[in-house]
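Just data28.cif here, mmCIF, C-alpha atoms and all ligand atoms:
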data_coords
#
loop_
_atom_site.label_atom_id
_atom_site.label_comp_id
_atom_site.auth_asym_id
_atom_site.auth_seq_id
_atom_site.Cartn_x
_atom_site.Cartn_y
_atom_site.Cartn_z
CA MET A 1 -23.07 144.38 29.61
CA ALA A 2 -20.73 147.33 30.16
CA ARG A 3 -17.17 146.45 31.16
CA VAL A 4 -16.88 148.01 34.55
CA VAL A 5 -14.46 147.09 37.31
CA ASN A 6 -15.78 149.18 40.19
CA VAL A 7 -19.08 150.70 41.21
CA ASP A 8 -18.06 154.31 40.51
CA GLU A 9 -17.67 153.44 36.83
CA TYR A 10 -21.39 152.65 36.68
CA GLU A 11 -22.09 156.14 37.97
CA ASP A 12 -19.85 157.64 35.25
CA LEU A 13 -21.77 155.71 32.60
CA ALA A 14 -25.14 156.63 34.12
CA ARG A 15 -24.24 160.34 34.10
CA VAL A 16 -23.87 160.11 30.33
CA LYS A 17 -26.78 157.77 29.64
CA MET A 18 -29.57 159.01 31.89
CA PRO A 19 -31.67 162.14 31.28
CA LYS A 20 -30.00 164.86 33.36
CA MET A 21 -33.11 165.44 35.48
CA TYR A 22 -33.15 161.82 36.65
CA TYR A 23 -29.41 161.41 37.03
CA ASP A 24 -29.42 164.54 39.19
CA PHE A 25 -32.31 163.18 41.27
CA TYR A 26 -30.33 160.01 42.01
CA ALA A 27 -26.93 161.61 42.49
CA GLY A 28 -27.89 164.83 44.24
CA GLY A 29 -27.84 165.94 47.83
CA ALA A 30 -29.17 168.67 50.08
CA GLU A 31 -28.14 172.32 49.61
CA ASP A 32 -24.31 172.64 49.35
CA LYS A 33 -23.87 168.84 49.37
CA TRP A 34 -21.29 169.04 52.14
CA THR A 35 -22.68 165.95 53.85
CA LEU A 36 -22.92 164.14 50.53
CA ARG A 37 -19.19 164.69 49.94
CA GLU A 38 -18.30 164.07 53.56
CA ASN A 39 -19.96 160.63 53.47
CA ARG A 40 -17.17 159.65 51.05
CA SER A 41 -14.28 161.71 52.45
CA ALA A 42 -14.77 160.40 55.99
CA PHE A 43 -14.13 156.85 54.77
CA SER A 44 -10.87 157.96 53.16
CA ARG A 45 -9.59 159.30 56.51
CA ILE A 46 -9.87 155.88 58.19
CA ARG A 47 -6.87 153.59 57.89
CA ILE A 48 -6.86 149.81 57.83
CA ARG A 49 -4.44 147.98 60.16
CA PRO A 50 -3.62 144.67 58.48
CA GLN A 51 -2.42 141.59 60.36
CA VAL A 52 0.06 139.47 58.40
CA LEU A 53 0.82 135.75 58.42
CA VAL A 54 -2.72 134.73 59.22
CA ASP A 55 -4.17 131.62 57.55
CA VAL A 56 -6.56 133.13 55.04
CA SER A 57 -6.85 130.10 52.78
CA HIS A 58 -10.57 129.84 53.60
CA THR A 59 -12.80 132.87 53.86
CA ASP A 60 -16.37 133.19 55.06
CA LEU A 61 -18.43 136.31 54.40
CA THR A 62 -21.80 134.88 55.37
CA THR A 63 -23.72 136.51 58.17
CA SER A 64 -27.17 136.69 59.74
CA VAL A 65 -29.43 139.71 59.86
CA LEU A 66 -32.43 139.44 62.20
CA GLY A 67 -31.83 135.70 62.16
CA LEU A 68 -31.85 135.50 58.35
CA LYS A 69 -28.74 134.07 56.72
CA ILE A 70 -27.31 136.16 53.87
CA ALA A 71 -24.27 135.79 51.61
CA CYS A 72 -22.43 138.83 52.95
CA PRO A 73 -23.14 141.92 55.07
CA ILE A 74 -23.86 144.16 52.06
CA MET A 75 -27.56 144.93 51.53
CA VAL A 76 -29.68 147.11 49.26
CA ALA A 77 -30.93 150.38 50.80
CA PRO A 78 -34.44 151.62 50.06
CA THR A 79 -34.43 154.07 47.16
CA ALA A 80 -37.28 155.67 45.27
CA LEU A 81 -38.49 155.14 41.73
CA HIS A 82 -36.23 152.49 40.17
CA LYS A 83 -38.21 152.82 36.95
CA LEU A 84 -36.41 156.10 36.32
CA ALA A 85 -33.31 153.93 35.86
CA HIS A 86 -34.76 151.00 33.96
CA PRO A 87 -38.19 149.93 32.62
CA GLU A 88 -38.17 146.87 34.89
CA GLY A 89 -37.51 149.06 37.91
CA GLU A 90 -37.65 147.40 41.34
CA LEU A 91 -38.53 144.05 39.73
CA ALA A 92 -35.04 143.83 38.24
CA THR A 93 -33.46 145.00 41.49
CA ALA A 94 -35.42 142.41 43.44
CA ARG A 95 -34.34 139.56 41.18
CA ALA A 96 -30.69 140.62 41.28
CA THR A 97 -30.69 141.06 45.04
CA ALA A 98 -32.26 137.65 45.51
CA ALA A 99 -29.65 136.13 43.20
CA ALA A 100 -26.95 137.74 45.34
CA ASN A 101 -28.65 136.21 48.38
CA THR A 102 -28.91 139.39 50.35
CA VAL A 103 -31.57 141.78 51.66
CA MET A 104 -33.47 144.32 49.57
CA VAL A 105 -35.27 147.09 51.41
CA VAL A 106 -38.25 148.15 49.29
CA SER A 107 -39.15 151.84 49.50
CA THR A 108 -42.59 153.34 50.12
CA SER A 109 -41.68 155.48 47.09
CA SER A 110 -41.24 152.47 44.81
CA SER A 111 -42.44 152.50 41.24
CA HIS A 112 -43.82 148.97 41.69
CA THR A 113 -46.18 147.66 44.35
CA ILE A 114 -45.23 145.56 47.36
CA GLU A 115 -46.96 142.56 45.77
CA GLU A 116 -45.44 142.96 42.30
CA ILE A 117 -41.98 142.95 43.86
CA ALA A 118 -42.82 139.91 46.01
CA ASP A 119 -44.07 138.11 42.90
CA THR A 120 -40.59 138.20 41.34
CA GLY A 121 -39.83 135.10 43.40
CA PRO A 122 -38.12 134.14 46.62
CA GLY A 123 -35.88 136.71 48.27
CA ILE A 124 -35.35 138.41 51.61
CA ARG A 125 -37.17 141.74 51.53
CA PHE A 126 -37.77 144.37 54.16
CA PHE A 127 -40.33 147.15 53.69
CA GLN A 128 -39.28 150.76 54.25
CA LEU A 129 -42.08 152.87 55.63
CA TYR A 130 -42.80 156.56 55.26
CA ILE A 131 -45.82 157.62 57.27
CA PHE A 132 -47.85 159.77 54.89
CA ASN A 133 -50.80 159.16 57.18
CA LYS A 134 -51.26 156.58 59.89
CA VAL A 135 -54.12 154.63 58.29
CA ARG A 136 -52.28 154.32 54.98
CA ALA A 137 -49.10 153.33 56.77
CA MET A 138 -50.89 150.58 58.69
CA GLU A 139 -52.31 149.25 55.43
CA LEU A 140 -48.86 149.18 53.86
CA VAL A 141 -47.40 147.33 56.84
CA ALA A 142 -50.20 144.74 56.63
CA ARG A 143 -49.60 144.32 52.89
CA ALA A 144 -45.88 143.86 53.41
CA GLU A 145 -46.51 141.33 56.13
CA LYS A 146 -48.94 139.40 53.91
CA ALA A 147 -46.54 139.46 50.96
CA GLY A 148 -43.81 137.80 53.03
CA TYR A 149 -41.56 140.78 53.79
CA LYS A 150 -39.35 140.05 56.79
CA ALA A 151 -39.04 143.42 58.55
CA ILE A 152 -40.29 147.00 58.63
CA VAL A 153 -37.76 149.81 58.30
CA LEU A 154 -39.23 153.11 59.44
CA THR A 155 -37.33 156.08 58.05
CA VAL A 156 -37.23 158.79 60.69
CA ASP A 157 -35.16 161.54 59.08
CA THR A 158 -37.72 162.81 56.60
CA PRO A 159 -40.56 164.89 58.09
CA ILE A 160 -40.19 166.88 54.87
CA LEU A 161 -37.74 166.47 52.01
CA GLY A 162 -34.41 168.22 52.26
CA ARG A 163 -33.70 171.05 49.84
CA ARG A 164 -32.27 169.32 46.80
CA GLU A 165 -31.45 172.24 44.64
CA ASP A 166 -30.72 170.22 41.50
CA ASP A 167 -34.30 168.95 41.59
CA LEU A 168 -35.66 172.43 42.20
CA ARG A 169 -33.57 173.83 39.36
CA ASN A 170 -34.55 170.98 37.01
CA ARG A 171 -38.21 171.28 38.09
CA LEU A 172 -38.18 167.53 38.54
CA VAL A 173 -41.23 165.82 37.07
CA LEU A 174 -41.93 162.13 36.60
CA PRO A 175 -42.45 160.68 33.13
CA PRO A 176 -46.07 159.62 32.45
CA ASP A 177 -45.32 155.90 32.85
CA VAL A 178 -43.62 156.23 36.27
CA SER A 179 -45.32 156.87 39.59
CA MET A 180 -44.98 156.01 43.26
CA LYS A 181 -47.50 153.21 43.11
CA LEU A 182 -47.78 152.72 46.85
CA ILE A 183 -48.86 156.26 47.44
CA ASP A 184 -51.86 155.92 45.18
CA GLY A 185 -51.56 158.49 42.48
CA ILE A 186 -50.02 161.14 44.69
CA GLY A 187 -46.96 161.08 42.41
CA GLU A 188 -49.12 161.35 39.28
CA GLN A 189 -51.20 164.13 40.76
CA HIS A 190 -48.06 166.14 41.26
CA SER A 191 -46.21 165.14 38.13
CA GLN A 192 -46.51 168.66 36.71
CA PRO A 193 -45.50 171.30 39.22
CA THR A 194 -47.41 174.49 38.86
CA GLU A 195 -44.69 176.61 40.44
CA PRO A 196 -40.92 176.43 40.24
CA GLY A 197 -39.90 173.50 42.38
CA SER A 198 -39.93 169.75 42.47
CA SER A 199 -43.06 167.64 42.42
CA LEU A 200 -41.52 165.22 44.93
CA ALA A 201 -40.91 167.99 47.42
CA ALA A 202 -44.53 169.01 46.98
CA VAL A 203 -45.76 165.48 47.70
CA ALA A 204 -43.57 165.14 50.77
CA SER A 205 -44.44 168.51 52.22
CA GLU A 206 -48.17 168.29 51.67
CA TYR A 207 -48.84 164.68 52.53
CA LYS A 208 -46.26 163.59 55.09
CA ASP A 209 -47.43 163.33 58.67
CA LYS A 210 -44.99 165.69 60.38
CA SER A 211 -46.36 165.07 63.87
CA ILE A 212 -44.83 161.58 64.35
CA THR A 213 -42.95 161.14 67.65
CA TRP A 214 -41.34 158.29 69.60
CA LYS A 215 -44.74 157.53 71.17
CA ASP A 216 -46.29 156.97 67.74
CA VAL A 217 -43.42 154.70 66.74
CA GLN A 218 -43.94 152.66 69.88
CA ALA A 219 -47.65 152.32 69.07
CA PHE A 220 -46.83 151.42 65.48
CA MET A 221 -44.46 148.69 66.53
CA LYS A 222 -47.31 146.96 68.35
CA LEU A 223 -49.29 146.70 65.12
CA THR A 224 -46.89 144.30 63.44
CA LYS A 225 -45.27 141.02 64.33
CA LEU A 226 -42.38 141.86 62.05
CA PRO A 227 -39.05 143.10 63.41
CA PHE A 228 -38.96 146.89 63.40
CA LEU A 229 -35.88 148.94 62.48
CA LEU A 230 -35.36 152.69 62.59
CA LYS A 231 -33.42 154.30 59.75
CA GLY A 232 -31.91 157.75 60.05
CA ILE A 233 -30.38 157.81 63.54
CA LEU A 234 -27.21 159.92 63.88
CA THR A 235 -26.70 160.44 67.62
CA LYS A 236 -26.25 158.30 70.67
CA GLU A 237 -29.13 160.13 72.35
CA ASP A 238 -31.54 158.95 69.67
CA ALA A 239 -29.97 155.48 69.63
CA LEU A 240 -30.70 155.16 73.33
CA LYS A 241 -34.30 156.27 72.80
CA ALA A 242 -34.62 153.66 70.08
CA ILE A 243 -33.25 151.02 72.40
CA ASP A 244 -35.66 152.16 75.12
CA ILE A 245 -38.62 151.39 72.88
CA CYS A 246 -36.99 148.05 71.97
CA VAL A 247 -36.47 148.42 68.24
CA ASP A 248 -34.96 145.40 66.55
CA GLY A 249 -32.30 147.36 64.73
CA ILE A 250 -30.90 150.82 64.03
CA ILE A 251 -29.67 152.08 60.68
CA VAL A 252 -27.23 154.94 61.05
CA SER A 253 -28.07 157.06 58.01
CA ASN A 254 -28.18 160.64 56.80
CA HIS A 255 -30.27 159.62 53.80
CA GLY A 256 -27.22 159.70 51.57
CA GLY A 257 -26.69 163.42 52.29
CA ARG A 258 -30.10 164.26 50.84
CA GLN A 259 -31.88 165.57 53.92
CA LEU A 260 -30.04 167.96 56.24
CA ASP A 261 -26.76 169.35 54.96
CA HIS A 262 -23.95 169.61 57.53
CA VAL A 263 -24.95 166.59 59.54
CA PRO A 264 -21.87 164.39 59.94
CA ALA A 265 -20.80 161.56 57.70
CA THR A 266 -22.43 158.37 58.88
CA ILE A 267 -19.15 156.49 59.26
CA SER A 268 -17.91 159.18 61.66
CA VAL A 269 -20.86 158.74 64.05
CA LEU A 270 -21.28 155.00 63.68
CA GLU A 271 -19.09 154.21 66.63
CA GLU A 272 -20.95 156.63 68.89
CA VAL A 273 -24.17 154.83 68.03
CA ALA A 274 -22.72 151.33 67.90
CA ILE A 275 -21.22 151.66 71.37
CA THR A 276 -24.78 151.91 72.61
CA ARG A 277 -25.29 148.60 70.89
CA ASN A 278 -23.25 147.11 73.70
CA SER A 279 -25.34 148.83 76.34
CA CYS A 280 -28.31 147.52 74.42
CA TYR A 281 -27.32 144.02 75.33
CA VAL A 282 -27.63 145.10 78.94
CA VAL A 283 -30.46 147.63 78.73
CA ALA A 284 -32.73 145.70 76.41
CA ALA A 285 -31.88 142.24 77.60
CA ALA A 286 -35.40 141.07 76.84
CA ALA A 287 -35.08 142.00 73.20
CA GLY A 288 -31.82 140.07 73.16
CA ARG A 289 -29.98 142.28 70.73
CA CYS A 290 -30.10 145.42 68.66
CA PRO A 291 -27.86 145.32 65.64
CA VAL A 292 -26.60 148.63 64.26
CA PHE A 293 -26.26 149.06 60.49
CA VAL A 294 -24.92 151.94 58.45
CA ASP A 295 -25.38 153.43 54.98
CA GLY A 296 -24.01 156.44 53.14
CA GLY A 297 -21.08 156.65 50.73
CA ILE A 298 -20.22 152.97 50.67
CA ARG A 299 -18.51 152.42 47.32
CA ARG A 300 -15.69 149.99 48.10
CA GLY A 301 -15.13 146.74 49.95
CA THR A 302 -12.69 148.64 52.13
CA ASP A 303 -15.57 150.92 53.19
CA VAL A 304 -17.58 147.88 54.24
CA PHE A 305 -14.60 146.54 56.17
CA LYS A 306 -14.18 149.87 58.00
CA ALA A 307 -17.87 149.98 58.90
CA LEU A 308 -17.76 146.45 60.30
CA ALA A 309 -14.62 147.30 62.29
CA LEU A 310 -16.40 150.31 63.82
CA GLY A 311 -19.32 148.22 65.04
CA ALA A 312 -21.77 147.80 62.16
CA SER A 313 -23.50 144.46 61.78
CA GLY A 314 -23.91 145.16 58.08
CA VAL A 315 -24.15 147.95 55.52
CA PHE A 316 -26.66 149.18 52.97
CA VAL A 317 -25.87 150.70 49.57
CA GLY A 318 -28.15 153.13 47.73
CA ARG A 319 -26.94 154.93 44.61
CA PRO A 320 -24.55 152.24 43.26
CA VAL A 321 -27.52 149.90 42.86
CA LEU A 322 -29.46 152.56 40.93
CA PHE A 323 -26.55 153.27 38.60
CA GLY A 324 -25.91 149.56 38.00
CA LEU A 325 -29.62 149.22 37.20
CA ALA A 326 -29.54 152.19 34.83
CA ILE A 327 -26.68 150.73 32.81
CA ASP A 328 -27.17 146.98 32.85
CA GLY A 329 -30.58 146.33 34.42
CA GLU A 330 -30.80 143.23 36.60
CA GLN A 331 -27.26 142.15 35.63
CA GLY A 332 -25.95 145.57 36.60
CA VAL A 333 -27.41 145.39 40.09
CA LYS A 334 -26.03 141.88 40.52
CA LYS A 335 -22.64 143.06 39.32
CA VAL A 336 -22.62 145.97 41.78
CA LEU A 337 -23.33 143.60 44.66
CA ASP A 338 -20.76 141.07 43.39
CA MET A 339 -18.03 143.70 42.95
CA LEU A 340 -18.53 145.06 46.48
CA LYS A 341 -18.52 141.55 47.88
CA ASP A 342 -15.35 140.60 45.96
CA GLU A 343 -13.64 143.78 47.16
CA LEU A 344 -14.65 143.00 50.74
CA ARG A 345 -13.21 139.50 50.40
CA THR A 346 -9.95 140.89 48.97
CA THR A 347 -9.72 143.38 51.85
CA MET A 348 -10.35 140.70 54.44
CA VAL A 349 -7.74 138.34 52.98
CA ILE A 350 -5.00 140.96 52.74
CA ALA A 351 -5.88 142.43 56.15
CA GLY A 352 -5.64 138.97 57.75
CA CYS A 353 -9.35 138.52 58.54
CA PRO A 354 -10.63 135.25 57.08
CA THR A 355 -14.09 135.70 58.64
CA LEU A 356 -16.25 138.65 59.64
CA ALA A 357 -15.63 137.75 63.29
CA HIS A 358 -11.94 138.54 62.77
CA ILE A 359 -12.75 142.16 61.90
CA ASN A 360 -12.66 144.21 65.09
CA ARG A 361 -11.96 147.67 66.45
CA SER A 362 -8.20 147.22 66.16
CA SER A 363 -8.58 146.48 62.42
CA VAL A 364 -8.86 150.24 61.77
CA GLN A 365 -7.41 153.52 62.91
CA THR A 366 -9.62 156.63 62.89
CA PRO A 367 -8.20 160.16 62.38
CA GLU A 368 -8.44 160.93 66.12
CA GLU A 369 -6.23 157.98 67.02
CA LYS A 370 -2.46 158.25 67.13
CA PRO A 371 -0.59 155.09 66.19
CA SER A 372 0.56 153.48 69.47
C1 LIG B 401 -32.82 157.43 48.80
N1 LIG B 401 -32.97 157.09 50.14
C2 LIG B 401 -34.21 156.72 50.60
N2 LIG B 401 -34.36 156.32 51.88
C3 LIG B 401 -35.57 155.91 52.34
O1 LIG B 401 -35.67 155.54 53.50
N3 LIG B 401 -36.65 155.88 51.50
C4 LIG B 401 -36.58 156.27 50.20
O2 LIG B 401 -37.56 156.23 49.47
C5 LIG B 401 -35.32 156.73 49.73
N4 LIG B 401 -35.19 157.17 48.45
C6 LIG B 401 -33.95 157.49 47.97
C7 LIG B 401 -33.82 157.84 46.62
C8 LIG B 401 -32.56 158.09 46.11
C9 LIG B 401 -32.44 158.44 44.65
C10 LIG B 401 -31.42 157.99 46.93
C11 LIG B 401 -30.04 158.22 46.37
C12 LIG B 401 -31.55 157.69 48.26
C13 LIG B 401 -31.79 157.01 51.03
C14 LIG B 401 -31.17 155.62 50.95
O3 LIG B 401 -31.97 154.66 51.57
C15 LIG B 401 -29.82 155.57 51.64
O4 LIG B 401 -29.93 156.10 52.94
C16 LIG B 401 -28.71 156.32 50.89
O5 LIG B 401 -28.89 156.21 49.50
C17 LIG B 401 -27.35 155.75 51.27
O6 LIG B 401 -26.34 156.47 50.67
P1 LIG B 401 -25.59 156.04 49.31
O7 LIG B 401 -25.28 154.57 49.38
O8 LIG B 401 -26.54 156.35 48.18
O9 LIG B 401 -24.40 156.92 49.32
#
As structure tokens:
Amino acid sequence: MARVVNVDEYEDLARVKMPKMYYDFYAGGAEDKWTLRENRSAFSRIRIRPQVLVDVSHTDLTTSVLGLKIACPIMVAPTALHKLAHPEGELATARATAAANTVMVVSTSSSHTIEEIADTGPGIRFFQLYIFNKVRAMELVARAEKAGYKAIVLTVDTPILGRREDDLRNRLVLPPDVSMKLIDGIGEQHSQPTEPGSSLAAVASEYKDKSITWKDVQAFMKLTKLPFLLKGILTKEDALKAIDICVDGIIVSNHGGRQLDHVPATISVLEEVAITRNSCYVVAAAAGRCPVFVDGGIRRGTDVFKALALGASGVFVGRPVLFGLAIDGEQGVKKVLDMLKDELRTTMVIAGCPTLAHINRSSVQTPEEKPS
């Protein structure tokens, strides 16, 4: 196993090891990649306000997500095609995530099926849904439900794929042994683009249902007993609409800067959305609660701490898991999750927060705030 001490080092190793076309697919972002960079820079502008002389001899990072107990509030975001990183693909990720006792969100664009991933053994898995067409989507939801997945995460920021110019330039194609198995051969069909461009963009543009609205989501929610989360919300207006239709959770996400360039960093809008979480307690009293999660640019335990302080109930990480997988397979994914968790613990101890409940709004200072 490579000797790495932080998650960025896995990315450095992956840049050297992986074929450029696939490294670029994982690492890249939309157009000028402003949002991609901003996802990181925005974290660096937030300061931590430590409290000293607090008894931190015992720490507790455990938390509950949708009533499910997990080891810490760091979870695995849905990402496509893990087999581009490692021959065991999502199977290795699933085993590592289960070993870390946290949630894995399995993508519709996985290179293994819902059932193959479930067969790796016990683990808390959510299923991320893209609606290519409504009938297919309903089938996928039913399969996830049957295979023991615990929630549906509908991604709402991807009517078409963003312009990822690295993929266009590289004329991204999948190797013959890798496909998006849940979308039945669509990936294979398009593995050789006939014109300059990326086969994935072709799949998304041709086959995605671009007519989906809030009404459809509401109807969809009725078709499953599983909790239903929306991923890709960036404004309080949309958060309130989500609460109106009684979703079980919101993931503040800009798809890791891969969809629309120049949308804000997720950490900078989290509070705007999370504040509505409080109104949610009032507005959607019947639902009981609506946790708000965030992803995008989380590479350090301090980032997780900042997100929790600004109202997140937990965070998801995307690329670090892929790079850990590319370098050290299952062990690499486990190590990524362990390193982030250890860094979060270190941050909490030195900031005087022995438990997650101790982390609150006064634990951080955002750029707009003057020290009082
Ligand atoms: C993604 N993401 C994503 N999201 C989703 O809902 N379904 C998907 O299939 C994918 N696929 C995907 C592939 C790759 C290569 C990346 C990098 C990302 C977005 C993902 O869930 C998450 O929002 C971001 O990755 C979070 O940002 P970081 O942690 O990668 O900075």
> Excluding same-chain residues fewer than 4 positions from A:Val105, what lies within 7 Å of it counting only C-alpha atoms, as a PyMOL selection string?
Replying inline: chain A and resi 76-78+125-128
>> Taking all atoms listed in the file into account, list the residues no farther than 8 Å from ligand LIG 401 (chain B), as a ChimeraX atom specification.
In response: /A:25-28,36,39-40,77-81,107-110,128-130,153-155,231-232,253-258,295-299,316-320,322
> Which residue gives the smallest distance to A:Val304 among A:Ile48, A:Gly89, A:Glu115, A:Val16, with all atoms listed in the file counted?
Replying inline: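 Among the listed residues, the smallest separation from A:Val304 belongs to A:Ile48.
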> What separation in Å, quoted to one decimal, exists between atom CA of A:Asp244 and atom CA of A:Val103?
Replying inline: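 Pair atom CA of A:Asp244 / atom CA of A:Val103 returns 26.0 Å.
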> atom CA of A:Glu31 to atom CA of A:Val269: how many Å, to one decimal?
Replying inline: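 We find that atom CA of A:Glu31 and atom CA of A:Val269 lie 21.1 Å from each other.
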>> Can you tell me which residues surround A:Pro73 at a distance of at most 7 Å, considering all atoms listed in the file, apart from same-chain residues fewer than 2 positions away, and format the answer as a PyMOL selection string?
In response: chain A and resi 63+75+314-315
> So which one's closest to A:Glu116, A:Val141, A:Lys181, A:Asn101, A:Val349? Using only C-alpha atoms, please.
Replying inline: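 Of all the options, A:Lys181 lies closest to A:Glu116.
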> Of the candidates A:Val56, A:Leu226, A:Ala202, A:Met348, which one gets nearest to A:Leu161 if we count all atoms listed in the file?
Replying inline: A:Ala202
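Atom pair atom CA of A:Glu11 / atom CA of A:Phe323 has a distance of 5.3 Å (rounded to one decimal).
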> Excluding same-chain residues fewer than 3 positions from A:Ile267, what lies within 8 Å of it counting all atoms listed in the file, as a VMD selection string?
Replying inline: chain A and resid 39 42 to 43 270 to 271 294 296 307
>> Nearest residue to A:Ile70 out of A:Pro354, A:Pro50, A:Gly123, A:Pro176, using all atoms listed in the file?
In response: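 Comparing A:Pro354, A:Pro50, A:Gly123, A:Pro176 against A:Ile70, the winner is A:Gly123.
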> Closest to A:Trp214 among A:Val156, A:Pro19, A:Ala351, A:Val173, using all atoms listed in the file?
Replying inline: A:Val156
> Which of these, A:Leu84, A:Leu68, A:Leu61, A:Val273, has the shortest distance to A:Ile327 once you count all atoms listed in the file?
Replying inline: A:Leu84
>> as a PyMOL selection string, please: the residues near stretch 329-335 of chain A (cut-off 10 Å, only C-alpha atoms, same-chain neighbours under 2 positions excluded).
In response: chain A and resi 1-2+4-7+10+76+85-100+320-327+337-341
>> Just want the 6 Å neighbourhood of A:Asp248, counted on only C-alpha atoms, with same-chain residues fewer than 5 positions away dropped. Output as a VMD selection string.
In response: chain A and resid 227 to 229 290
